[in-house]
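The file target-v9.txt comes next; it holds compact mmCIF, C-alpha atoms and all ligand atoms.
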```
# COMPACT_ATOMS: atom_id res chain seq x y z
CA MET P 1 -96.06 115.38 108.43
CA GLN P 2 -95.39 114.00 104.96
CA ALA P 3 -92.86 111.14 105.03
CA GLN P 4 -90.31 110.84 102.24
CA THR P 5 -91.67 108.52 99.54
CA GLY P 6 -88.60 106.27 99.40
CA ILE P 7 -88.95 105.00 102.97
CA CYS P 8 -92.04 102.83 102.47
CA ALA P 9 -91.78 102.46 98.67
CA GLU P 10 -92.85 99.13 97.20
CA PRO P 11 -90.07 97.10 95.50
CA ASN P 12 -88.76 98.37 92.13
CA LEU P 13 -86.53 97.08 89.35
CA HIS P 14 -83.65 99.50 89.87
CA ALA P 15 -81.99 101.58 92.58
CA SER P 16 -79.28 104.18 92.76
CA TYR P 17 -77.48 104.52 96.10
CA LEU P 18 -75.30 107.57 96.75
CA MET P 19 -73.16 108.34 99.80
CA PHE P 20 -71.82 111.87 100.30
CA ASP P 21 -69.67 113.83 102.72
CA ILE P 22 -70.40 117.54 103.17
CA THR P 23 -67.56 119.97 102.50
CA ALA P 24 -66.70 121.95 105.65
CA GLY P 25 -68.27 125.42 105.57
CA GLN P 26 -71.03 124.42 103.11
CA GLU P 27 -73.63 123.37 105.69
CA ASP P 28 -76.06 126.28 105.06
CA GLU P 29 -76.02 125.71 101.29
CA VAL P 30 -76.50 121.95 101.72
CA ARG P 31 -79.45 122.51 104.11
CA GLN P 32 -81.03 124.79 101.51
CA ALA P 33 -80.45 122.25 98.74
CA LEU P 34 -82.02 119.52 100.90
CA ALA P 35 -85.09 121.72 101.41
CA HIS P 36 -85.72 121.32 97.66
CA PHE P 37 -85.19 117.56 97.64
CA PRO P 38 -88.92 116.68 98.07
CA GLU P 39 -89.76 119.00 95.13
CA LEU P 40 -87.18 117.21 92.96
CA CYS P 41 -88.72 113.84 93.85
CA ARG P 42 -92.26 115.10 93.14
CA GLU P 43 -91.16 116.34 89.72
CA PHE P 44 -89.74 112.92 88.81
CA GLU P 45 -92.77 111.06 90.22
CA ASN P 46 -95.09 113.21 88.09
CA SER P 47 -92.99 113.39 84.92
CA TYR P 48 -92.41 109.61 84.63
CA PRO P 49 -95.49 107.87 86.06
CA ASP P 50 -94.48 104.60 84.36
CA ALA P 51 -91.23 104.53 86.37
CA ALA P 52 -92.78 104.38 89.89
CA PHE P 53 -90.03 106.74 91.03
CA SER P 54 -89.29 107.38 94.70
CA GLY P 55 -86.51 109.13 96.58
CA LEU P 56 -85.15 109.60 100.04
CA VAL P 57 -82.32 111.52 101.63
CA ALA P 58 -81.03 110.61 105.08
CA ILE P 59 -78.63 112.59 107.25
CA GLY P 60 -75.71 110.85 108.95
CA ALA P 61 -75.55 110.51 112.73
CA MET P 62 -72.14 112.21 112.87
CA VAL P 63 -73.13 115.28 110.80
CA TRP P 64 -76.67 115.95 112.02
CA ASP P 65 -75.72 118.70 114.51
CA ARG P 66 -73.78 120.61 111.82
CA LEU P 67 -77.00 120.90 109.77
CA TYR P 68 -79.97 121.12 112.15
CA ARG P 69 -80.65 122.60 115.59
CA HIS P 70 -82.82 119.81 117.00
CA ARG P 71 -81.65 116.21 116.99
CA PRO P 72 -83.75 113.02 116.91
CA GLU P 73 -83.21 111.66 120.41
CA SER P 74 -82.17 108.13 119.43
CA LEU P 75 -79.82 109.06 116.58
CA LEU P 76 -76.49 107.39 117.41
CA PRO P 77 -73.47 106.33 115.33
CA PHE P 78 -73.52 102.87 113.73
CA PRO P 79 -72.93 100.34 116.53
CA SER P 80 -69.57 98.65 116.78
CA CYS P 81 -70.25 94.93 116.75
CA SER P 82 -67.89 92.01 116.62
CA SER P 83 -67.53 88.36 117.48
CA GLU P 84 -64.47 86.17 117.77
CA HIS P 85 -64.07 85.90 114.00
CA TYR P 86 -66.15 88.68 112.44
CA GLN P 87 -66.50 92.42 112.75
CA ALA P 88 -69.18 94.69 111.27
CA ALA P 89 -67.60 97.56 109.32
CA VAL P 90 -68.31 101.06 110.60
CA THR P 91 -67.94 103.70 107.86
CA PRO P 92 -69.82 106.93 108.62
CA PHE P 93 -71.12 109.02 105.71
CA ASP P 94 -72.81 112.43 105.94
CA LEU P 95 -75.67 111.89 103.47
CA PHE P 96 -77.35 108.85 101.99
CA VAL P 97 -79.58 109.19 98.92
CA GLN P 98 -81.72 106.36 97.62
CA PHE P 99 -83.45 106.80 94.24
CA ARG P 100 -85.62 103.92 93.07
CA ALA P 101 -87.56 103.37 89.86
CA ASP P 102 -88.49 100.84 87.21
CA ARG P 103 -86.39 102.78 84.67
CA PHE P 104 -82.68 103.21 85.08
CA ASP P 105 -82.51 106.22 82.73
CA VAL P 106 -84.87 108.09 85.07
CA LEU P 107 -82.62 107.30 88.05
CA HIS P 108 -79.59 108.57 86.17
CA LEU P 109 -81.37 111.80 85.29
CA ALA P 110 -82.44 112.29 88.92
CA GLY P 111 -78.81 111.77 89.99
CA GLN P 112 -77.62 114.37 87.48
CA ARG P 113 -80.16 116.87 88.79
CA LEU P 114 -79.16 116.22 92.39
CA MET P 115 -75.47 116.64 91.58
CA ALA P 116 -76.22 119.95 89.86
CA ARG P 117 -77.86 121.14 93.11
CA LEU P 118 -75.24 119.77 95.49
CA GLY P 119 -72.17 120.03 93.24
CA GLY P 120 -69.11 121.55 94.93
CA ARG P 121 -70.76 121.40 98.35
CA VAL P 122 -70.36 117.66 98.83
CA ARG P 123 -67.99 114.86 97.91
CA LEU P 124 -69.49 111.72 96.36
CA ARG P 125 -67.94 108.89 98.39
CA GLU P 126 -69.85 105.93 96.97
CA GLU P 127 -72.19 105.31 94.03
CA CYS P 128 -73.83 101.92 93.70
CA ARG P 129 -76.60 100.53 91.51
CA GLY P 130 -79.13 98.06 92.89
CA PHE P 131 -81.20 95.75 90.74
CA ARG P 132 -83.98 93.21 91.09
CA PHE P 133 -82.59 89.70 90.71
CA MET P 134 -85.01 87.05 89.42
CA ASP P 135 -88.17 86.82 91.57
CA TYR P 136 -86.95 89.15 94.36
CA ARG P 137 -83.96 86.95 95.21
CA ASP P 138 -80.73 87.92 96.87
CA LEU P 139 -77.62 86.78 94.94
CA THR P 140 -77.40 83.79 97.30
CA GLY P 141 -80.47 82.58 95.36
CA PHE P 142 -82.89 82.97 98.30
CA VAL P 143 -86.00 85.15 98.09
CA ASP P 144 -85.36 88.26 100.22
CA GLY P 145 -88.11 90.39 101.74
CA THR P 146 -90.81 87.74 102.30
CA GLU P 147 -91.35 88.59 105.96
CA ASN P 148 -91.18 92.35 105.39
CA PRO P 149 -94.17 94.32 106.72
CA GLN P 150 -96.89 94.75 104.10
CA GLY P 151 -99.38 97.50 103.20
CA GLU P 152 -100.11 100.08 105.89
CA HIS P 153 -98.00 98.12 108.36
CA ARG P 154 -94.88 99.27 106.45
CA GLY P 155 -95.46 102.81 107.73
CA GLU P 156 -96.27 101.62 111.26
CA VAL P 157 -92.88 99.87 111.42
CA ALA P 158 -90.74 102.34 109.50
CA LEU P 159 -92.06 105.77 110.54
CA ILE P 160 -92.14 107.72 113.81
CA ALA P 161 -95.83 108.23 114.59
CA GLU P 162 -95.81 111.43 116.62
CA GLY P 163 -93.73 114.22 118.12
CA PRO P 164 -91.34 116.70 116.52
CA PHE P 165 -89.81 114.02 114.24
CA ALA P 166 -93.09 112.41 113.14
CA GLY P 167 -92.83 110.96 109.63
CA GLY P 168 -89.09 110.38 110.04
CA SER P 169 -87.21 107.08 110.08
CA TYR P 170 -83.96 105.70 111.49
CA LEU P 171 -81.89 104.10 108.73
CA HIS P 172 -79.01 101.63 108.85
CA VAL P 173 -77.15 100.88 105.65
CA GLN P 174 -74.60 98.12 105.04
CA ARG P 175 -73.06 97.12 101.73
CA PHE P 176 -72.45 93.39 101.90
CA VAL P 177 -69.99 91.61 99.60
CA HIS P 178 -70.76 87.91 99.11
CA ASN P 179 -68.11 85.25 98.75
CA MET P 180 -69.96 83.62 95.85
CA THR P 181 -67.36 80.88 95.28
CA HIS P 182 -67.52 79.80 98.89
CA TRP P 183 -71.35 79.97 98.96
CA GLN P 184 -71.84 78.07 95.72
CA ARG P 185 -69.66 75.23 97.00
CA LEU P 186 -72.21 74.48 99.72
CA ALA P 187 -74.74 71.68 99.27
CA LEU P 188 -78.33 72.89 98.89
CA LYS P 189 -79.24 71.64 102.38
CA GLU P 190 -76.30 73.53 103.93
CA GLN P 191 -77.44 76.74 102.20
CA GLU P 192 -81.01 76.22 103.39
CA ASP P 193 -79.84 75.52 106.97
CA THR P 194 -77.81 78.74 106.85
CA ILE P 195 -80.87 80.82 105.96
CA GLY P 196 -83.59 78.78 107.74
CA ARG P 197 -85.87 78.56 104.67
CA THR P 198 -86.03 76.36 101.59
CA LYS P 199 -84.40 77.82 98.49
CA GLN P 200 -86.63 77.09 95.52
CA ASP P 201 -90.05 77.29 97.20
CA ASN P 202 -89.05 79.80 99.90
CA ILE P 203 -90.77 77.91 102.72
CA GLU P 204 -89.86 78.77 106.31
CA TYR P 205 -88.43 75.89 108.35
CA ALA P 206 -90.61 74.63 111.18
CA SER P 207 -89.50 76.25 114.41
CA ALA P 208 -87.96 73.06 115.82
CA ASP P 209 -85.94 72.51 112.62
CA LYS P 210 -84.35 75.97 112.50
CA PRO P 211 -80.65 75.78 113.39
CA LEU P 212 -79.75 78.22 116.16
CA SER P 213 -77.13 79.70 113.84
CA SER P 214 -79.51 80.19 110.89
CA HIS P 215 -80.08 83.75 109.72
CA ILE P 216 -83.81 83.63 110.41
CA LYS P 217 -83.30 82.35 113.92
CA ARG P 218 -80.78 85.10 114.71
CA VAL P 219 -82.83 88.05 113.38
CA ASN P 220 -86.38 87.02 114.32
CA LEU P 221 -86.44 88.72 117.75
CA LYS P 222 -89.23 89.45 120.19
CA HIS P 223 -89.94 91.92 122.98
CA ALA P 224 -90.53 90.54 126.50
CA ASP P 225 -94.32 90.75 125.89
CA GLY P 226 -94.08 88.57 122.76
CA ARG P 227 -94.42 91.30 120.12
CA SER P 228 -91.97 90.98 117.20
CA LYS P 229 -89.14 93.47 116.84
CA GLU P 230 -89.71 94.52 113.24
CA ILE P 231 -87.78 96.54 110.67
CA LEU P 232 -88.66 97.44 107.07
CA ARG P 233 -85.92 96.17 104.77
CA GLN P 234 -85.40 98.05 101.51
CA SER P 235 -82.37 95.97 100.42
CA MET P 236 -81.48 95.07 96.82
CA PRO P 237 -78.70 93.09 95.12
CA TRP P 238 -75.85 95.13 93.68
CA GLY P 239 -72.56 94.57 91.95
CA THR P 240 -70.45 93.36 89.09
CA LEU P 241 -69.28 89.87 88.25
CA GLU P 242 -66.13 90.48 90.28
CA GLU P 243 -67.71 91.99 93.39
CA GLN P 244 -71.35 91.55 94.29
CA GLY P 245 -73.71 91.24 97.21
CA LEU P 246 -76.60 92.88 99.01
CA TYR P 247 -77.13 96.59 99.61
CA PHE P 248 -78.86 96.21 102.98
CA ILE P 249 -81.12 99.00 104.20
CA SER P 250 -83.16 98.94 107.40
CA CYS P 251 -85.84 101.61 108.06
CA CYS P 252 -87.51 101.77 111.46
CA HIS P 253 -89.21 104.11 113.95
CA THR P 254 -86.47 103.13 116.43
CA PRO P 255 -82.81 102.18 115.91
CA ALA P 256 -83.08 99.57 118.69
CA HIS P 257 -84.55 96.77 116.55
CA PHE P 258 -81.72 96.85 113.98
CA ASN P 259 -79.08 97.17 116.71
CA ASP P 260 -80.47 94.13 118.55
CA MET P 261 -80.59 92.07 115.34
CA LEU P 262 -77.01 92.99 114.42
CA ALA P 263 -75.82 92.03 117.90
CA SER P 264 -77.72 88.74 117.65
CA MET P 265 -76.11 88.00 114.24
CA TYR P 266 -72.56 88.66 115.48
CA CYS P 267 -72.64 87.75 119.16
CA GLY P 268 -75.31 85.11 118.82
CA ASP P 269 -77.29 83.78 121.74
CA GLY P 270 -74.40 83.81 124.20
CA ASN P 271 -73.77 80.10 123.54
CA GLY P 272 -71.67 80.54 120.42
CA HIS P 273 -74.56 80.44 117.94
CA PHE P 274 -73.72 83.40 115.72
CA ASP P 275 -75.33 83.90 112.27
CA HIS P 276 -73.61 81.50 109.86
CA LEU P 277 -74.57 83.71 106.91
CA LEU P 278 -71.60 85.83 108.05
CA ARG P 279 -69.29 83.03 106.88
CA TYR P 280 -70.28 83.81 103.30
CA THR P 281 -70.84 87.56 103.23
CA ARG P 282 -69.24 90.55 104.94
CA PRO P 283 -70.35 94.16 105.24
CA VAL P 284 -67.74 96.54 103.82
CA THR P 285 -69.71 99.61 104.92
CA GLY P 286 -71.99 100.38 107.88
CA ALA P 287 -73.59 103.75 108.59
CA ALA P 288 -76.47 105.16 110.65
CA PHE P 289 -78.79 107.93 109.42
CA PHE P 290 -82.07 109.68 110.08
CA ALA P 291 -84.44 110.37 107.16
CA PRO P 292 -86.62 113.28 108.35
CA SER P 293 -90.09 114.03 106.96
CA GLU P 294 -90.42 116.11 103.79
CA THR P 295 -91.95 118.86 105.93
CA PHE P 296 -88.87 118.94 108.19
CA LEU P 297 -86.52 119.17 105.18
CA GLN P 298 -88.59 121.92 103.54
CA GLN P 299 -88.63 123.97 106.74
CA GLY P 300 -84.88 123.55 107.20
CA GLY P 301 -85.49 121.80 110.51
CA GLU P 302 -87.14 124.85 112.13
C1 LIG W 1 -84.88 87.64 106.46
C2 LIG W 1 -81.09 87.48 103.48
C3 LIG W 1 -78.75 90.72 106.26
C4 LIG W 1 -82.69 91.12 109.00
C5 LIG W 1 -84.03 87.29 105.45
C6 LIG W 1 -84.30 86.27 104.45
C7 LIG W 1 -83.25 86.24 103.62
C8 LIG W 1 -82.29 87.22 104.08
C9 LIG W 1 -83.06 85.35 102.39
C10 LIG W 1 -85.56 85.37 104.40
C11 LIG W 1 -86.69 85.93 103.62
C12 LIG W 1 -87.29 87.18 104.20
O1 LIG W 1 -88.12 87.14 105.12
O2 LIG W 1 -86.92 88.25 103.74
C13 LIG W 1 -80.13 88.35 103.99
C14 LIG W 1 -78.83 88.55 103.41
C15 LIG W 1 -78.17 89.46 104.20
C16 LIG W 1 -79.07 89.83 105.26
C17 LIG W 1 -78.32 87.84 102.15
C18 LIG W 1 -76.80 90.03 104.08
C19 LIG W 1 -76.03 89.86 103.04
C20 LIG W 1 -79.60 91.08 107.27
C21 LIG W 1 -79.29 92.03 108.31
C22 LIG W 1 -80.40 92.12 109.10
C23 LIG W 1 -81.41 91.26 108.53
C24 LIG W 1 -77.95 92.75 108.47
C25 LIG W 1 -80.63 92.97 110.33
C26 LIG W 1 -79.66 93.35 111.14
C27 LIG W 1 -83.63 90.24 108.51
C28 LIG W 1 -84.97 90.10 109.07
C29 LIG W 1 -85.60 89.07 108.35
C30 LIG W 1 -84.63 88.62 107.37
C31 LIG W 1 -85.59 90.90 110.22
C32 LIG W 1 -87.01 88.50 108.58
C33 LIG W 1 -86.94 87.42 109.62
C34 LIG W 1 -88.27 86.76 109.88
O3 LIG W 1 -89.11 87.40 110.51
O4 LIG W 1 -88.46 85.61 109.45
N1 LIG W 1 -82.80 87.83 105.21
N2 LIG W 1 -80.24 89.14 105.10
N3 LIG W 1 -80.90 90.64 107.43
N4 LIG W 1 -83.47 89.35 107.49
FE1 LIG W 1 -81.83 89.19 106.35
```
Could you express the structure from this file as structure tokens?
Ligand code: HEM
Amino acid sequence: MQAQTGICAEPNLHASYLMFDITAGQEDEVRQALAHFPELCREFENSYPDAAFSGLVAIGAMVWDRLYRHRPESLLPFPSCSSEHYQAAVTPFDLFVQFRADRFDVLHLAGQRLMARLGGRVRLREECRGFRFMDYRDLTGFVDGTENPQGEHRGEVALIAEGPFAGGSYLHVQRFVHNMTHWQRLALKEQEDTIGRTKQDNIEYASADKPLSSHIKRVNLKHADGRSKEILRQSMPWGTLEEQGLYFISCCHTPAHFNDMLASMYCGDGNGHFDHLLRYTRPVTGAAFFAPSETFLQQGGE
């Protein structure tokens, strides 16, 4: 089973994120168009080798049964998650497309080609451009992605290994908007305590020094047997000078790891230690998807 290239892609300079809803009655046409999606990606990968192009399309949890007969068993809507002060947005979309490359013109062309295929059958609900900021930093100024799985381990974390949905991945997407004014008012030490790493040198705090409400503490979770609960993050900064933040994307062979991390960020450890990063950034979207293998798409799910 050939996985879609965008799931485990190495970091790029640019991204194009597209969210669609499918027009009622157009499901058969959309399924046929999606069957050609891998071919479209291959064409762009081969035509612009300097761009390191990759693509992925993921199907929303709420629309899956309108498109395909068999459903990935763990595909559920985005979890509703809230604490006393904060609530994670839940905004279902039918399709999520991620195009990534080192050339923005190539991404734009790929988007045009996709729209020509899907045009009239879908409604574009959101279009957002991601970009690399400095040396892989989030707009908070902290390096993002350091503890991401590397090399072959990316696939082990992100992709289902066997069974009818082998090569597929559960995706969770949240568009975060940062309160930059609020964040930039913090002293350096307060920012570092919020993340749990140093800012300039990107060094992880010693375990004993990590505040219980630091981001790292809240999302670094383990199974009962000591193994880490891992996800592959494909996030990138996005935005304008007025509204900016992180386009957060989690890819995993199970939705459970992301769901547990989100609950740990919002509800904390049961003793009031929620993730203090949430004081400075809030997700304005939140949607759950499944990105099936290329083979599954090409065979229309049969
Ligand atoms: C680590 C930023 C949201 C999961 C990190 C790191 C930064 C960061 C700077 C440390 C460097 C690294 O290992 O990548 C952010 C920002 C977010 C955000 C700015 C939102 C605006 C999330 C969400 C989740 C998440 C929603 C999952 C629900 C993780 C994980 C790690 C991490 C698993 C690695 C932890 C470790 O093993 O040390 N994040 N993050 N992050 N983040 Fe986030």
Do you know which residues are at most 9 Å from region 64-67 of chain P counting only C-alpha atoms, after dropping those on the same chain fewer than 6 positions away, and could you put them as a PDB file with C-alpha atoms, in the frame of the given file?
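The result, written out as result_28.pdb:
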```pdb
ATOM      1  CA  GLU P  27     -73.630 123.370 105.690  1.00  0.00           C
ATOM      2  CA  ASP P  28     -76.060 126.280 105.060  1.00  0.00           C
ATOM      3  CA  VAL P  30     -76.500 121.950 101.720  1.00  0.00           C
ATOM      4  CA  ARG P  31     -79.450 122.510 104.110  1.00  0.00           C
ATOM      5  CA  LEU P  75     -79.820 109.060 116.580  1.00  0.00           C
ATOM      6  CA  ASP P  94     -72.810 112.430 105.940  1.00  0.00           C
ATOM      7  CA  PHE P 289     -78.790 107.930 109.420  1.00  0.00           C
ATOM      8  CA  PHE P 290     -82.070 109.680 110.080  1.00  0.00           C
ATOM      9  CA  GLY P 300     -84.880 123.550 107.200  1.00  0.00           C
ATOM     10  CA  GLY P 301     -85.490 121.800 110.510  1.00  0.00           C
TER      11      GLY P 301
END
```
Just want the residues within 6 Å of ligand LIG 1 (chain W), written as a ChimeraX atom specification, counting all atoms listed in the file.
/P:138,142-147,176,216,219-220,246,258,261-262,281
For a quick check of your reading of the model, name the residues lying within 12 Å of the coordinate (-80.1, 120.8, 101.7), counting all atoms listed in the file, and write them as number ranges by chain.
P: 22, 26-40, 57-59, 64, 66-68, 94-95, 97, 114-115, 117-119, 121-122, 292, 294, 296-301
Rounded to one decimal, what separation in Å do you get between CA of Ala287 (chain P) and CA of Leu221 (chain P)?
21.8 Å
In Å, rounded to a single decimal, give me how far CA of Gly168 (chain P) is from CA of Ala88 (chain P).
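CA of Gly168 (chain P) lies at a distance of 25.4 Å from CA of Ala88 (chain P).
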Hey, can you pull every residue with an atom no more than 12 Å from (-70.0, 109.1, 98.1), using only C-alpha atoms, and send it as a list in words?
Ser16, Tyr17, Leu18, Met19, Phe20, Asp21, Ile22, Thr23, Thr91, Pro92, Phe93, Asp94, Leu95, Phe96, Val97, Met115, Val122, Arg123, Leu124, Arg125, Glu126, Glu127, Cys128 and Thr285 of chain P
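Between CA of Phe131 (chain P) and CA of Gln98 (chain P) the separation is 12.7 Å.
You can rank P:Ala61, P:Val106, P:Met265, P:Val284 by their closest distance to Leu13 (chain P) using all atoms listed in the file, and at the top of that list sits P:Val106.
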Nearest residue to Arg100 (chain P) out of P:Gln112, P:Ser250, P:Ser54, P:Ser293, using all atoms listed in the file?
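Answer, going by the shortest atom-to-atom distance: P:Ser54.
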Draw an axis-aligned box over all listed atoms of region 144-148 of chain P, pad each side with 3 Å, and write its centre and edge lengths in Å, one decimal, as AutoDock Vina command-line options.
```
--center_x -88.4 --center_y 90.0 --center_z 103.1 --size_x 12.0 --size_y 10.6 --size_z 11.7
```
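Considering the residues P:Leu76, P:Cys252, P:Cys267, P:Cys8 and counting all atoms listed in the file, Lys229 (chain P) has its shortest atom-to-atom contact with P:Cys252.
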Report as JSON lines: every residue of region 103-179 of chain P with an atom at most 7 Å from region 234-238 of chain P, its closest pair of atoms, and their distance in Å to one decimal, counting all atoms listed in the file, with rows sorted by chain and ascending residue number.
```
{"residue": "P:Arg129", "atom": "CA", "partner": "P:Trp238", "partner_atom": "CA", "distance": 5.9}
{"residue": "P:Gly130", "atom": "CA", "partner": "P:Trp238", "partner_atom": "CA", "distance": 4.5}
{"residue": "P:Phe131", "atom": "CA", "partner": "P:Pro237", "partner_atom": "CA", "distance": 5.7}
{"residue": "P:Arg132", "atom": "CA", "partner": "P:Met236", "partner_atom": "CA", "distance": 6.5}
{"residue": "P:Phe133", "atom": "CA", "partner": "P:Pro237", "partner_atom": "CA", "distance": 6.8}
{"residue": "P:Asp138", "atom": "CA", "partner": "P:Pro237", "partner_atom": "CA", "distance": 5.8}
{"residue": "P:Leu139", "atom": "CA", "partner": "P:Pro237", "partner_atom": "CA", "distance": 6.4}
```
Which residue of P:Leu241, P:Leu277, P:Ala158, P:Ala256 approaches Ser214 (chain P) most closely, using only C-alpha atoms
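Counting only C-alpha atoms, the residue closest to Ser214 (chain P) is P:Leu277.
Shortest atom-to-atom contact with Gly245 (chain P) among P:His153, P:Arg279, P:His273, P:His178: P:His178, counting all atoms listed in the file.
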Nearest to Val157 (chain P), chosen from P:Thr295, P:Thr254, P:Asn179, P:Gln200, with all atoms listed in the file counted in the distances:
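Smallest separation from Val157 (chain P) among the options: P:Thr254.
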Completion of region 53-74 of chain P up to N, CA and C atoms, as a JSON list (two decimals), in the coordinates of the input:
```json
[["chain", "number", "residue", "atom", "x", "y", "z"],
["P", 53, "PHE", "N", -91.21, 106.14, 90.41],
["P", 53, "PHE", "CA", -90.03, 106.74, 91.03],
["P", 53, "PHE", "C", -90.27, 107.06, 92.51],
["P", 54, "SER", "N", -89.24, 106.88, 93.33],
["P", 54, "SER", "CA", -89.29, 107.38, 94.70],
["P", 54, "SER", "C", -87.89, 107.80, 95.12],
["P", 55, "GLY", "N", -87.82, 108.67, 96.11],
["P", 55, "GLY", "CA", -86.51, 109.13, 96.58],
["P", 55, "GLY", "C", -86.49, 109.29, 98.08],
["P", 56, "LEU", "N", -85.30, 109.21, 98.64],
["P", 56, "LEU", "CA", -85.15, 109.60, 100.04],
["P", 56, "LEU", "C", -83.74, 110.11, 100.27],
["P", 57, "VAL", "N", -83.64, 111.08, 101.17],
["P", 57, "VAL", "CA", -82.32, 111.52, 101.63],
["P", 57, "VAL", "C", -82.29, 111.36, 103.14],
["P", 58, "ALA", "N", -81.17, 110.82, 103.64],
["P", 58, "ALA", "CA", -81.03, 110.61, 105.08],
["P", 58, "ALA", "C", -79.73, 111.26, 105.52],
["P", 59, "ILE", "N", -79.77, 111.81, 106.75],
["P", 59, "ILE", "CA", -78.63, 112.59, 107.25],
["P", 59, "ILE", "C", -77.87, 111.75, 108.28],
["P", 60, "GLY", "N", -76.55, 111.71, 108.13],
["P", 60, "GLY", "CA", -75.71, 110.85, 108.95],
["P", 60, "GLY", "C", -75.69, 111.28, 110.41],
["P", 61, "ALA", "N", -75.54, 110.27, 111.28],
["P", 61, "ALA", "CA", -75.55, 110.51, 112.73],
["P", 61, "ALA", "C", -74.43, 111.47, 113.15],
["P", 62, "MET", "N", -73.29, 111.41, 112.44],
["P", 62, "MET", "CA", -72.14, 112.21, 112.87],
["P", 62, "MET", "C", -72.25, 113.67, 112.41],
["P", 63, "VAL", "N", -73.09, 113.94, 111.38],
["P", 63, "VAL", "CA", -73.13, 115.28, 110.80],
["P", 63, "VAL", "C", -74.40, 116.05, 111.19],
["P", 64, "TRP", "N", -75.35, 115.35, 111.78],
["P", 64, "TRP", "CA", -76.67, 115.95, 112.02],
["P", 64, "TRP", "C", -76.57, 117.34, 112.67],
["P", 65, "ASP", "N", -75.77, 117.44, 113.74],
["P", 65, "ASP", "CA", -75.72, 118.70, 114.51],
["P", 65, "ASP", "C", -75.08, 119.85, 113.74],
["P", 66, "ARG", "N", -74.34, 119.54, 112.67],
["P", 66, "ARG", "CA", -73.78, 120.61, 111.82],
["P", 66, "ARG", "C", -74.87, 121.19, 110.91],
["P", 67, "LEU", "N", -75.97, 120.45, 110.71],
["P", 67, "LEU", "CA", -77.00, 120.90, 109.77],
["P", 67, "LEU", "C", -78.25, 121.44, 110.46],
["P", 68, "TYR", "N", -78.68, 120.77, 111.54],
["P", 68, "TYR", "CA", -79.97, 121.12, 112.15],
["P", 68, "TYR", "C", -79.82, 121.35, 113.65],
["P", 69, "ARG", "N", -80.72, 122.21, 114.17],
["P", 69, "ARG", "CA", -80.65, 122.60, 115.59],
["P", 69, "ARG", "C", -81.13, 121.50, 116.52],
["P", 70, "HIS", "N", -82.25, 120.84, 116.12],
["P", 70, "HIS", "CA", -82.82, 119.81, 117.00],
["P", 70, "HIS", "C", -82.48, 118.43, 116.47],
["P", 71, "ARG", "N", -82.13, 117.54, 117.39],
["P", 71, "ARG", "CA", -81.65, 116.21, 116.99],
["P", 71, "ARG", "C", -82.65, 115.13, 117.39],
["P", 72, "PRO", "N", -82.90, 114.15, 116.50],
["P", 72, "PRO", "CA", -83.75, 113.02, 116.91],
["P", 72, "PRO", "C", -83.08, 112.31, 118.09],
["P", 73, "GLU", "N", -83.85, 112.04, 119.14],
["P", 73, "GLU", "CA", -83.21, 111.66, 120.41],
["P", 73, "GLU", "C", -82.45, 110.34, 120.35],
["P", 74, "SER", "N", -82.85, 109.44, 119.44],
["P", 74, "SER", "CA", -82.17, 108.13, 119.43],
["P", 74, "SER", "C", -81.12, 108.02, 118.33]]
```
